[in-house]
Amino acid sequence: MKIDKIAELKSFLKVLPPVGFCCVYGSSLHPNNNDKSSMVDYIIGVSDPKQWHSENMELNEDHYASWMVPLGGAKLITQVADKIGVGVHFNPFVTWNDKMLKYGVVRMHDLVQDVLHWERFYLCGRLQKPVHILVDNLDIGDVNSVNLRAAVSAALLLLPSKFTEEDLYSKICSLSYMGDLRMLFAEDKNKVKRIIEGQFGLFQLMYKPFLKEYEAKELLTFSLPNSHQATISQDCSLSMTHSLVHSLPPLVRRKMGMKLGEMQVLKDSGRVLHEVVIGSREEAARSMQRIIRRTVMVSSARQAVSGFLAAGGINATRYLANKVRKAWKSWT
């Protein structure tokens, strides 16, 4: 991204209270996007959302739904995000410097938990796709490497023995949409394809280190490198399946163990580990897929309700109408 574009995106943060983390994403940042009216999306991490929203209301009251300020302000916003939603409050349709913005505010602790454990599969799914980090005081970029490795492992479990690099990134991208209720009526049916086509090079930058690591371990082999359609072959043995499952977040493994069973394994260090009993690769893939789908489905439903309440009826309806309009175009 060009330096002047980065400076422009960062300049918005000057009108907000201090943040610990900030990244931008969305179609407006795609290299091949020519729609200058596209909304720019920010994710902002702060240590105390209630205090941050309180300070922001004093600076930018117009960013919030009109009914929220008199009825409880920052406390109400935080309660709606935490108890009804998935810990993120979004302010959509914020106009600044003749641009339309949307920004979501999350507690740093919740952001880290989702990235490491896929507790809600909401922000971790966003960070599995290309973003541009503007502020990172807690090295979330480094922490996210755990999330990216887990995403590669999950995608490999769902792919056949031979596939292309484009197939891999499409499968990774689709993880956060499995079970998402918006995909039924409010999202472009070609969304995953458009994301991959628009940002293939960025996906390569994100995931090449992990693919090289798997190739060095002879778990993956490549033909026709440096091509979108390069064929990748993977080892589909049970031992490889165990290795992939082991790379998934602990919470996902624990849920898989509840369904498939667990066994205790004594390591040389004397530690006793609980490992998922895997009868077949297909069984492990189905179990993981059901867990992710249910997590995403619940999170998308909760966030939809939270967003409607927090953004106010007019803004929420406007945002949904835009989504449905894009979805309708993709279906017709």
# chains A, B, ... in the order shown; residues from 1 in each chain; ligands from 1

call {"tool": "residues_around", "arguments": {"residues": "A:Asp82", "least_positions_apart": "4", "cutoff": "10 Å", "atoms": "only C-alpha atoms", "output": "number ranges by chain"}}
result
A: 76-78, 86-89, 106-107, 110, 303, 306

call {"tool": "residues_around", "arguments": {"residues": "A:Arg281", "least_positions_apart": "3", "cutoff": "7 Å", "atoms": "only C-alpha atoms", "output": "PyMOL selection string"}}
result
chain A and resi 238+241+284-285

call {"tool": "write_last_selection", "arguments": {"atoms": "N, CA, C and O atoms", "output": "PDB file, in the first residue's frame"}}
result
ATOM      1  N   LEU A 238      -3.328 -40.994   8.310  1.00  0.00           N
ATOM      2  CA  LEU A 238      -3.846 -40.698   9.650  1.00  0.00           C
ATOM      3  C   LEU A 238      -2.840 -39.911  10.477  1.00  0.00           C
ATOM      4  O   LEU A 238      -3.218 -39.046  11.267  1.00  0.00           O
ATOM      5  N   THR A 241      -3.165 -36.429   9.473  1.00  0.00           N
ATOM      6  CA  THR A 241      -4.432 -35.918  10.012  1.00  0.00           C
ATOM      7  C   THR A 241      -4.281 -35.548  11.478  1.00  0.00           C
ATOM      8  O   THR A 241      -4.754 -34.496  11.923  1.00  0.00           O
ATOM      9  N   ALA A 284     -12.733 -36.781  11.100  1.00  0.00           N
ATOM     10  CA  ALA A 284     -12.142 -35.609  11.752  1.00  0.00           C
ATOM     11  C   ALA A 284     -12.568 -34.324  11.042  1.00  0.00           C
ATOM     12  O   ALA A 284     -12.902 -33.319  11.688  1.00  0.00           O
ATOM     13  N   ALA A 285     -12.558 -34.342   9.708  1.00  0.00           N
ATOM     14  CA  ALA A 285     -12.933 -33.158   8.929  1.00  0.00           C
ATOM     15  C   ALA A 285     -14.387 -32.781   9.178  1.00  0.00           C
ATOM     16  O   ALA A 285     -14.718 -31.597   9.356  1.00  0.00           O
TER      17      ALA A 285
END

call {"tool": "residues_around", "arguments": {"residues": "A:Leu273", "least_positions_apart": "6", "cutoff": "10 Å", "atoms": "only C-alpha atoms", "output": "ChimeraX atom specification"}}
result
/A:262-267

call {"tool": "closest_residue", "arguments": {"among": "A:Val296, A:Leu111, A:Ile232, A:Leu13", "to": "A:Phe163", "atoms": "only C-alpha atoms"}}
result
A:Ile232

call {"tool": "closest_residue", "arguments": {"among": "A:Val80, A:Leu148, A:Ala301, A:Leu158", "to": "A:Cys236", "atoms": "only C-alpha atoms"}}
result
A:Leu158

call {"tool": "closest_residue", "arguments": {"among": "A:Ser223, A:Ser269, A:Ser233, A:Asn91", "to": "A:Gly307", "atoms": "only C-alpha atoms"}}
result
A:Asn91

call {"tool": "closest_residue", "arguments": {"among": "A:His53, A:His132, A:His246, A:Arg182", "to": "A:Ser300", "atoms": "only C-alpha atoms"}}
result
A:Arg182

call {"tool": "residues_around", "arguments": {"residues": "A:Val131", "least_positions_apart": "5", "cutoff": "9 Å", "atoms": "only C-alpha atoms", "output": "VMD selection string"}}
result
chain A and resid 23 to 26 29 126 202

call {"tool": "select_by_dssp", "arguments": {"residues": "stretch 46-275 of chain A", "states": "strand (DSSP E or B)", "output": "count of residues only"}}
result
43
